[in-house]
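*Asks:* Hey, dropping data.txt in here, compact mmCIF, C-alpha atoms:
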# COMPACT_ATOMS: atom_id res chain seq x y z
CA MET A 177 11.74 14.19 2.12
CA SER A 178 12.88 17.22 4.01
CA GLY A 179 9.47 18.79 4.42
CA ARG A 180 11.05 22.08 3.51
CA PRO A 181 8.21 24.36 2.57
CA LEU A 182 8.56 26.13 -0.73
CA ASP A 183 6.21 28.87 0.37
CA GLY A 184 8.21 32.01 0.68
CA GLU A 185 11.10 30.47 -1.18
CA ASP A 186 12.26 32.42 -4.16
CA PRO A 187 10.30 30.97 -7.08
CA ASP A 188 13.12 32.06 -9.37
CA ARG A 189 15.01 29.01 -8.22
CA LEU A 190 12.36 26.76 -9.74
CA TYR A 191 12.47 28.66 -13.01
CA THR A 192 16.23 28.23 -13.07
CA ILE A 193 15.86 24.48 -12.65
CA THR A 194 13.48 24.27 -15.58
CA GLY A 195 15.29 26.76 -17.77
CA GLY A 196 12.44 29.23 -17.48
CA ARG A 197 9.66 26.88 -18.50
CA SER A 198 6.59 26.71 -16.32
CA ARG A 199 4.49 24.11 -18.09
CA ALA A 200 5.11 20.56 -19.20
CA ASP A 201 2.86 18.78 -21.62
CA GLU A 202 0.64 17.52 -18.82
CA SER A 203 -1.03 14.86 -20.89
CA ARG A 204 2.24 13.01 -21.29
CA LEU A 205 2.74 12.16 -17.64
CA ASP A 206 0.40 11.09 -14.89
CA LEU A 207 1.22 11.17 -11.16
CA VAL A 208 1.62 7.40 -11.23
CA THR A 209 3.29 6.99 -14.62
CA LEU A 210 6.28 4.75 -13.98
CA ILE A 211 9.59 6.15 -15.16
CA VAL A 212 12.45 3.84 -16.06
CA GLY A 213 16.02 5.06 -16.43
CA GLU A 214 17.65 3.97 -19.69
CA CYS A 215 21.19 5.23 -19.07
CA ASP A 216 23.61 6.32 -16.37
CA PRO A 217 24.20 9.97 -15.54
CA THR A 218 26.95 11.59 -17.59
CA PRO A 219 29.36 14.36 -16.57
CA GLY A 220 27.99 17.83 -17.08
CA MET A 221 24.40 16.75 -16.80
CA GLN A 222 22.05 19.00 -14.80
CA SER A 223 22.07 17.80 -11.17
CA GLU A 224 18.30 17.27 -11.08
CA HIS A 225 18.55 15.04 -14.14
CA VAL A 226 21.31 13.07 -12.42
CA LYS A 227 19.11 12.59 -9.36
CA ILE A 228 16.22 11.41 -11.50
CA LEU A 229 18.38 8.87 -13.35
CA ARG A 230 19.70 7.53 -10.05
CA THR A 231 16.19 7.31 -8.58
CA CYS A 232 14.85 5.57 -11.68
CA ARG A 233 17.30 2.66 -11.79
CA ARG A 234 14.18 0.76 -10.79
CA PRO A 235 10.80 1.86 -12.20
CA THR A 236 9.57 4.76 -10.07
CA ALA A 237 6.30 6.71 -10.18
CA VAL A 238 6.39 10.41 -11.05
CA VAL A 239 5.02 11.31 -7.62
CA GLU A 240 7.76 9.34 -5.86
CA ILE A 241 10.42 11.11 -7.90
CA SER A 242 8.85 14.41 -6.90
CA SER A 243 9.02 13.42 -3.24
CA GLU A 244 12.58 12.14 -3.56
CA LEU A 245 13.81 15.34 -5.21
CA GLY A 246 11.78 17.63 -2.95
CA LEU A 247 10.41 19.45 -5.97
CA PRO A 248 6.81 20.16 -6.98
CA VAL A 249 5.20 17.64 -9.33
CA SER A 250 4.90 20.04 -12.25
CA ILE A 251 8.61 20.93 -12.07
CA VAL A 252 9.52 17.24 -12.07
CA LYS A 253 7.27 16.67 -15.08
CA ILE A 254 9.16 19.34 -17.04
CA LEU A 255 12.49 17.72 -16.14
CA LEU A 256 11.15 14.29 -17.08
CA CYS A 257 9.95 15.52 -20.47
CA ASP A 258 13.55 16.61 -21.19
CA LEU A 259 14.81 13.15 -20.36
CA LEU A 260 12.03 11.46 -22.34
CA ASP A 261 12.76 13.59 -25.39
CA THR A 262 16.39 12.51 -25.34
CA GLY A 263 15.59 8.87 -24.64
CA ARG A 264 17.35 8.83 -21.28
CA VAL A 265 14.21 7.57 -19.58
CA THR A 266 11.10 5.80 -20.78
CA ALA A 267 7.60 5.97 -19.38
CA ARG A 268 5.14 3.19 -18.63
CA HIS A 269 1.73 4.75 -18.66
CA PRO A 270 -1.04 3.59 -16.33
CA SER A 271 -4.05 2.16 -18.08
CA SER A 272 -6.83 4.68 -17.89
CA ALA A 273 -9.61 3.80 -15.50
CA ALA A 274 -11.72 6.55 -16.98
CA THR A 275 -13.72 4.31 -19.29
CA GLU A 276 -16.82 3.37 -17.38
CA SER A 277 -18.67 0.09 -17.20
CA SER A 278 -16.40 -1.86 -19.50
CA SER A 279 -15.86 -5.50 -18.69
CA SER A 280 -12.11 -4.92 -18.47
CA ASP A 281 -12.75 -2.43 -15.65
CA SER A 282 -14.73 -5.04 -13.76
CA ALA A 283 -11.96 -7.58 -14.19
CA MET A 284 -9.37 -5.05 -13.06
CA LEU A 285 -11.42 -4.04 -10.00
CA LYS A 286 -11.81 -7.71 -9.10
CA GLN A 287 -8.01 -8.00 -9.10
CA VAL A 288 -7.76 -4.91 -6.87
CA LEU A 289 -10.25 -6.46 -4.42
CA ILE A 290 -8.32 -9.72 -4.28
CA GLY A 291 -5.12 -7.78 -3.64
CA LEU A 292 -6.70 -5.73 -0.84
CA GLU A 293 -8.25 -8.78 0.84
CA LYS A 294 -4.78 -10.29 1.09
CA LEU A 295 -3.28 -7.33 2.92
CA MET B 62 4.25 -4.90 -16.99
CA THR B 63 3.25 -2.99 -13.92
CA ASN B 64 0.07 -0.98 -13.78
CA ALA B 65 -0.35 1.81 -11.24
CA LEU B 66 -3.73 2.83 -9.88
CA LYS B 67 -4.91 5.75 -7.76
CA ILE B 68 -7.33 6.17 -4.89
CA VAL B 69 -7.74 9.57 -3.26
CA ILE B 70 -8.62 10.14 0.41
CA VAL B 71 -10.09 13.60 0.79
CA GLY B 72 -10.96 15.38 4.01
CA GLY B 73 -10.36 18.40 6.20
CA PHE B 74 -7.16 19.09 8.12
CA GLY B 75 -6.71 16.73 11.06
CA VAL B 76 -9.43 14.29 10.02
CA GLY B 77 -6.95 11.41 9.74
CA LYS B 78 -6.07 11.15 6.03
CA THR B 79 -2.40 10.51 6.65
CA THR B 80 -3.23 8.16 9.51
CA LEU B 81 -5.38 6.09 7.19
CA VAL B 82 -2.72 6.04 4.48
CA ARG B 83 -0.06 5.08 7.03
CA SER B 84 -2.06 2.20 8.47
CA VAL B 85 -2.32 0.38 5.11
CA SER B 86 0.68 1.62 3.14
CA GLU B 87 3.71 -0.62 2.65
CA ILE B 88 5.94 2.45 2.77
CA ARG B 89 6.01 5.20 5.35
CA PRO B 90 3.73 7.86 3.86
CA LEU B 91 5.71 10.27 1.72
CA SER B 92 4.90 13.88 1.14
CA THR B 93 5.29 16.04 -1.89
CA GLU B 94 3.83 19.22 -3.26
CA GLU B 95 2.41 20.88 -6.29
CA ILE B 96 2.40 24.47 -7.41
CA MET B 97 -0.93 26.23 -7.33
CA THR B 98 -1.15 29.35 -9.40
CA HIS B 99 -3.15 32.42 -8.55
CA ALA B 100 -6.25 31.17 -10.34
CA GLY B 101 -6.68 28.39 -7.84
CA VAL B 102 -6.14 30.35 -4.68
CA GLY B 103 -9.22 31.21 -2.67
CA ILE B 104 -9.88 34.64 -1.29
CA ASP B 105 -10.21 33.20 2.21
CA ASP B 106 -6.55 32.29 2.40
CA PRO B 107 -4.51 35.22 3.66
CA ASP B 108 -1.28 33.21 3.76
CA GLY B 109 -1.61 31.46 0.43
CA VAL B 110 -0.93 34.29 -1.97
CA ASP B 111 2.60 35.56 -2.21
CA SER B 112 3.86 38.34 -4.34
CA LYS B 113 4.59 35.99 -7.23
CA ASN B 114 1.01 34.67 -7.29
CA THR B 115 2.05 31.10 -6.71
CA THR B 116 1.95 28.86 -3.69
CA THR B 117 2.49 25.19 -3.10
CA VAL B 118 0.09 22.65 -1.68
CA ALA B 119 1.44 19.58 0.09
CA PHE B 120 -0.13 16.16 -0.13
CA ASP B 121 0.76 12.74 1.27
CA PHE B 122 0.77 9.40 -0.42
CA GLY B 123 1.37 5.75 0.30
CA ARG B 124 1.67 2.62 -1.78
CA ILE B 125 0.19 -0.88 -1.76
CA THR B 126 1.51 -3.62 -4.04
CA LEU B 127 -1.61 -5.57 -4.97
CA ASN B 128 0.04 -8.29 -7.04
CA ASP B 129 2.88 -8.78 -9.51
CA GLU B 130 1.28 -6.41 -11.98
CA MET B 131 -0.67 -3.84 -9.98
CA VAL B 132 0.40 -1.13 -7.58
CA LEU B 133 -2.14 1.06 -5.80
CA TYR B 134 -1.22 4.59 -4.74
CA LEU B 135 -3.23 6.25 -1.98
CA PHE B 136 -3.27 10.02 -1.91
CA GLY B 137 -4.37 12.15 1.01
CA ALA B 138 -5.66 15.52 -0.13
CA PRO B 139 -7.09 18.45 1.82
CA GLY B 140 -10.69 18.96 0.74
CA GLN B 141 -11.11 22.70 1.10
CA GLU B 142 -12.66 24.52 -1.78
CA ARG B 143 -9.56 26.42 -2.81
CA PHE B 144 -7.62 23.21 -3.56
CA TRP B 145 -10.01 21.60 -6.00
CA PHE B 146 -8.73 23.45 -9.00
CA LEU B 147 -5.50 21.58 -8.37
CA TRP B 148 -6.96 18.16 -7.48
CA ASP B 149 -9.16 18.02 -10.58
CA ARG B 150 -6.05 18.14 -12.69
CA LEU B 151 -3.65 16.18 -10.52
CA PHE B 152 -5.94 13.29 -9.64
CA SER B 153 -7.65 12.76 -12.98
CA GLY B 154 -8.14 9.11 -13.83
CA THR B 155 -8.43 8.07 -10.19
CA LEU B 156 -10.32 4.84 -9.50
CA GLY B 157 -12.44 6.36 -6.75
CA VAL B 158 -12.46 8.60 -3.73
CA VAL B 159 -12.92 8.14 0.02
CA VAL B 160 -14.38 11.18 1.76
CA LEU B 161 -13.09 10.99 5.32
CA VAL B 162 -15.42 12.71 7.77
CA ASP B 163 -14.91 13.93 11.31
CA THR B 164 -18.31 13.92 13.06
CA ARG B 165 -17.34 17.04 14.96
CA ARG B 166 -16.91 18.91 11.68
CA VAL B 167 -19.33 17.30 9.26
CA ALA B 168 -19.84 20.55 7.38
CA ASP B 169 -16.19 20.42 6.28
CA SER B 170 -17.18 17.61 3.90
CA TRP B 171 -20.09 19.29 2.18
CA TYR B 172 -18.05 20.95 -0.49
CA ALA B 173 -16.04 17.83 -1.35
CA ILE B 174 -19.17 15.71 -1.70
CA ASP B 175 -20.89 18.35 -3.78
CA ARG B 176 -17.89 18.56 -6.07
CA LEU B 177 -17.56 14.78 -6.48
CA GLU B 178 -21.27 14.43 -7.28
CA HIS B 179 -21.08 17.25 -9.76
CA HIS B 180 -18.19 15.57 -11.57
CA GLY B 181 -19.79 12.14 -11.46
CA MET B 182 -16.84 10.76 -9.51
CA SER B 183 -17.39 7.52 -7.63
CA PHE B 184 -16.90 7.81 -3.88
CA ILE B 185 -17.83 6.46 -0.47
CA VAL B 186 -17.90 8.21 2.90
CA ALA B 187 -15.88 6.92 5.85
CA VAL B 188 -16.57 8.36 9.29
CA ASN B 189 -13.39 8.38 11.33
CA ASP B 190 -14.24 7.53 14.92
CA PHE B 191 -11.84 9.22 17.27
CA GLY B 192 -13.38 7.30 20.13
CA GLY B 193 -16.54 8.68 21.62
CA SER B 194 -18.52 9.69 18.58
CA GLN B 195 -22.03 10.58 19.64
CA HIS B 196 -23.43 10.36 16.16
CA SER B 197 -24.73 7.28 14.45
CA ILE B 198 -23.76 6.57 10.87
CA GLU B 199 -27.33 7.29 9.79
CA GLN B 200 -27.23 10.68 11.51
CA VAL B 201 -24.08 11.52 9.56
CA ARG B 202 -25.71 10.31 6.35
CA ASN B 203 -28.62 12.65 7.00
CA ALA B 204 -26.35 15.54 7.94
CA LEU B 205 -24.53 15.10 4.62
CA SER B 206 -27.78 14.64 2.66
CA LEU B 207 -26.07 11.62 1.15
CA SER B 208 -27.99 9.77 -1.51
CA PRO B 209 -28.96 6.21 -0.48
CA ASP B 210 -26.75 4.54 -3.06
CA ILE B 211 -23.53 5.99 -1.63
CA PRO B 212 -21.97 3.64 0.95
CA ILE B 213 -21.05 5.15 4.31
CA ILE B 214 -19.10 3.28 6.98
CA GLY B 215 -17.47 3.99 10.31
CA CYS B 216 -13.76 3.40 10.70
CA ASP B 217 -10.79 3.85 12.97
CA ALA B 218 -8.08 5.14 10.65
CA ARG B 219 -5.37 4.06 13.12
CA GLN B 220 -6.31 0.40 12.67
CA ARG B 221 -4.97 -1.39 9.64
CA GLU B 222 -7.94 -3.78 9.40
CA SER B 223 -10.39 -0.90 9.64
CA SER B 224 -8.62 1.16 6.96
CA LYS B 225 -8.39 -1.92 4.78
CA LYS B 226 -12.15 -2.35 5.13
CA VAL B 227 -12.66 1.26 3.98
CA LEU B 228 -10.69 0.58 0.79
CA ILE B 229 -12.51 -2.71 0.19
CA THR B 230 -15.86 -0.95 0.64
CA LEU B 231 -14.85 1.62 -1.96
CA VAL B 232 -13.64 -0.95 -4.48
CA ASN B 233 -16.73 -3.11 -3.91
CA HIS B 234 -18.81 -0.04 -4.68
CA LEU B 235 -16.79 0.64 -7.83
CA TYR B 236 -17.13 -2.98 -8.85
CA ALA B 237 -20.90 -2.88 -8.38
CA LEU B 238 -21.08 0.27 -10.49
CA SER B 239 -18.95 -1.30 -13.23
CA THR B 240 -21.24 -4.32 -13.53
CA ALA B 241 -24.49 -2.40 -13.19
Turn this file's structure into structure tokens for me.
*Replies:*
Amino acid sequence: MSGRPLDGEDPDRLYTITGGRSRADESRLDLVTLIVGECDPTPGMQSEHVKILRTCRRPTAVVEISSELGLPVSIVKILLCDLLDTGRVTARHPSSAATESSSSDSAMLKQVLIGLEKL
Amino acid sequence: MTNALKIVIVGGFGVGKTTLVRSVSEIRPLSTEEIMTHAGVGIDDPDGVDSKNTTTVAFDFGRITLNDEMVLYLFGAPGQERFWFLWDRLFSGTLGVVVLVDTRRVADSWYAIDRLEHHGMSFIVAVNDFGGSQHSIEQVRNALSLSPDIPIIGCDARQRESSKKVLITLVNHLYALSTA
């Protein structure tokens, strides 16, 4: 990514990108939710949507899309919700690790350990 | 189907968060940012508040493919008080946290540890040795008033094996908690 700081940049630009919206439904998308493109860009589509569809030809995490586009996470979430609503992308949600002390957590953590040991 | 997991590395500026992420990540660490609204901006930050009451906070991340089904994302996040409003939201559902400590600035970690304990988040402490640390691990433990059940280890974030050991120590701790 360019590393271009947004501080001092005109925030109006971000509002233009999102059509004036400042909040996505946060609960729908996590930082690591994998987004999968379901169609090719079409003429006349907003350029940010085009970039997302190109990036998501393979499953890509929300945070990686944000980095690729050089846009803040919450802006990307708003754009993604547009694409989700129209079926142009689908989301694969991470399983929540919030449930404590369940046996499935232990099994999952064991798999993480095995994966790390192999690095 | 792929499952993506999160681990957060939190610490002060210059403590070696990105270095640690870089040493174990399969991709060059990427950077992105999130918007922080006025409510999350501390009064001690003269540069952070612009006329529109928003600012952005950058954070780094890397990725480790664990197996055919699991991908682990590592996030490096500055631990100062004014950012936590943002992290609480952004990093919800994280597996666990590594608090990376610089022995020259141990006090920088107090707030992060306090916050993690308050929220009941699982974490370990890793002391990044920049070569020539004069403090033993136990001295750092005492300086942090760390409870005995929280693991603390020394590391060299530049070394892949050392950073790997930090992550394994965290996940071992999480595993022990999950079977307790």
*Asks:* Can you work out which residues from chain B touch chain A at a cut-off of 6 Å (counting all atoms listed in the file) and hand them back as a PyMOL selection string?
*Replies:* chain B and resi 64-65+93-95+116+127+154+236+239
*Asks:* Can you measure CA of Phe184 in chain B to CA of Ala237 in chain B for me? One decimal in Å is fine.
*Replies:*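 For CA of Phe184 in chain B relative to CA of Ala237 in chain B, the distance reads 12.3 Å.
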*Asks:* Find the residues around Ala218 in chain B up to 7 Å (all atoms listed in the file counted), leave out those fewer than 2 positions away in its own chain, and share them as a CSV table (one decimal) with C-alpha atoms, keeping the file's coordinate frame.
*Replies:*
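Just written: result01.csv:
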chain,number,residue,atom,x,y,z
B,77,GLY,CA,-7.0,11.4,9.7
B,80,THR,CA,-3.2,8.2,9.5
B,81,LEU,CA,-5.4,6.1,7.2
B,189,ASN,CA,-13.4,8.4,11.3
B,216,CYS,CA,-13.8,3.4,10.7
B,220,GLN,CA,-6.3,0.4,12.7
B,223,SER,CA,-10.4,-0.9,9.6
B,224,SER,CA,-8.6,1.2,7.0
*Asks:* Nearest to Met97 in chain B among A:Ala267, A:Leu229, A:Ser198, A:Val212, with distances taken over all atoms listed in the file: which residue is it?
*Replies:* A:Ser198
*Asks:* Which residue out of B:Ile198, B:Leu205, B:Leu66, B:Ile96 has the minimum interatomic distance to Glu130 in chain B when only C-alpha atoms are used?
*Replies:*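 Among the listed residues, B:Leu66 lies closest to Glu130 in chain B.
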*Asks:* With all atoms listed in the file as the counted atoms, please give the residues lying no more than 12 Å from Glu199 in chain B, apart from itself and same-chain residues fewer than 2 positions off, as a PyMOL selection string.
*Replies:* chain B and resi 164+186+188+195-197+201-209+212-215
*Asks:* What gap, in Å, lies between CA of Glu214 in chain A and CA of Val265 in chain A?
*Replies:*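 Those two atoms sit 5.0 Å apart.
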*Asks:* Between CA of Asp121 in chain B and CA of Gln141 in chain B, measure the distance and give it in Å to one decimal.
*Replies:*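 Separation between CA of Asp121 in chain B and CA of Gln141 in chain B: 15.5 Å.
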*Asks:* Scan for residues within 10 Å of the point (-12.2, 11.0, 4.9) in the coordinates of the file, using all atoms listed in the file, and reply as a list in words.
*Replies:* Val69, Ile70, Val71, Gly72, Gly73, Val76, Gly77, Lys78, Thr79, Leu81, Gly137, Ala138, Pro139, Gly140, Val158, Val159, Val160, Leu161, Val162, Asp163, Ser170, Ile185, Val186, Ala187, Val188, Asn189, Cys216, Ala218 and Val227 of chain B
*Asks:* So which residues touch range 223-228 of chain A within 9 Å, counting all atoms listed in the file, skipping near sequence neighbours fewer than 5 positions away, as a PyMOL selection string?
*Replies:* chain A and resi 193+213+216-218+233+241+244-245+252+255-256+258-259
*Asks:* Do a neighbour search on Arg176 in chain B at 10 Å with all atoms listed in the file, toss out local chain neighbours closer than 5 positions, and write the hits as a count of residues only.
*Replies:* 7
*Asks:* For range 185-270 of chain A of the block above, can you save C-alpha atoms as a short mmCIF file (atom, residue, chain, number, x, y, z; two decimals), in the first residue's frame?
*Replies:*
data_model
loop_
_atom_site.label_atom_id
_atom_site.label_comp_id
_atom_site.auth_asym_id
_atom_site.auth_seq_id
_atom_site.Cartn_x
_atom_site.Cartn_y
_atom_site.Cartn_z
CA GLU A 185 -6.91 14.65 3.73
CA ASP A 186 -10.31 16.01 3.00
CA PRO A 187 -12.71 13.58 4.69
CA ASP A 188 -15.35 14.59 2.16
CA ARG A 189 -13.63 12.29 -0.29
CA LEU A 190 -14.44 9.31 1.91
CA TYR A 191 -18.06 10.37 2.20
CA THR A 192 -18.23 10.62 -1.58
CA ILE A 193 -16.94 7.07 -1.92
CA THR A 194 -19.61 5.75 0.41
CA GLY A 195 -22.41 7.94 -0.87
CA GLY A 196 -22.53 9.85 2.40
CA ARG A 197 -22.83 6.87 4.69
CA SER A 198 -20.50 6.67 7.65
CA ARG A 199 -21.50 3.39 9.24
CA ALA A 200 -21.79 -0.16 7.99
CA ASP A 201 -23.62 -2.83 9.89
CA GLU A 202 -20.48 -3.77 11.80
CA SER A 203 -21.78 -7.10 12.96
CA ARG A 204 -21.93 -8.38 9.41
CA LEU A 205 -18.22 -8.23 8.71
CA ASP A 206 -15.17 -9.02 10.77
CA LEU A 207 -11.61 -7.92 9.94
CA VAL A 208 -10.84 -11.46 8.83
CA THR A 209 -14.12 -12.36 7.16
CA LEU A 210 -13.16 -13.81 3.79
CA ILE A 211 -14.81 -12.16 0.82
CA VAL A 212 -15.32 -14.06 -2.41
CA GLY A 213 -16.16 -12.34 -5.68
CA GLU A 214 -19.17 -13.85 -7.44
CA CYS A 215 -19.05 -11.87 -10.69
CA ASP A 216 -16.82 -9.75 -12.90
CA PRO A 217 -16.89 -5.97 -12.80
CA THR A 218 -19.41 -4.41 -15.17
CA PRO A 219 -19.19 -1.09 -17.04
CA GLY A 220 -20.40 1.86 -15.03
CA MET A 221 -19.68 0.24 -11.71
CA GLN A 222 -18.12 2.45 -9.00
CA SER A 223 -14.32 2.16 -9.30
CA GLU A 224 -13.90 1.00 -5.69
CA HIS A 225 -16.37 -1.81 -6.32
CA VAL A 226 -14.41 -2.79 -9.42
CA LYS A 227 -11.19 -2.92 -7.39
CA ILE A 228 -12.85 -5.07 -4.75
CA LEU A 229 -14.18 -7.55 -7.32
CA ARG A 230 -10.74 -7.81 -8.92
CA THR A 231 -9.06 -8.31 -5.53
CA CYS A 232 -11.60 -10.94 -4.50
CA ARG A 233 -11.17 -13.30 -7.45
CA ARG A 234 -9.59 -15.44 -4.75
CA PRO A 235 -11.02 -15.33 -1.22
CA THR A 236 -9.55 -12.28 0.51
CA ALA A 237 -9.92 -11.04 4.09
CA VAL A 238 -11.62 -7.69 4.71
CA VAL A 239 -8.41 -6.26 6.19
CA GLU A 240 -6.41 -7.24 3.10
CA ILE A 241 -8.95 -5.56 0.84
CA SER A 242 -8.64 -2.44 3.00
CA SER A 243 -4.87 -2.49 2.60
CA GLU A 244 -5.08 -3.16 -1.14
CA LEU A 245 -7.50 -0.26 -1.72
CA GLY A 246 -5.71 2.09 0.67
CA LEU A 247 -8.99 2.87 2.40
CA PRO A 248 -9.93 2.66 6.08
CA VAL A 249 -11.54 -0.59 7.22
CA SER A 250 -14.92 0.95 8.00
CA ILE A 251 -15.15 2.52 4.53
CA VAL A 252 -14.36 -0.84 2.94
CA LYS A 253 -17.03 -2.50 5.08
CA ILE A 254 -19.64 -0.08 3.74
CA LEU A 255 -18.59 -0.81 0.16
CA LEU A 256 -18.64 -4.55 0.85
CA CYS A 257 -22.14 -4.40 2.29
CA ASP A 258 -23.30 -2.87 -1.03
CA LEU A 259 -21.77 -5.76 -2.93
CA LEU A 260 -23.14 -8.34 -0.48
CA ASP A 261 -26.64 -6.90 -0.76
CA THR A 262 -26.56 -7.26 -4.54
CA GLY A 263 -24.99 -10.72 -4.44
CA ARG A 264 -21.81 -9.64 -6.21
CA VAL A 265 -19.69 -11.01 -3.40
CA THR A 266 -20.28 -13.55 -0.66
CA ALA A 267 -18.76 -13.68 2.80
CA ARG A 268 -17.26 -16.60 4.67
CA HIS A 269 -17.45 -15.73 8.32
CA PRO A 270 -14.76 -16.78 10.79
#
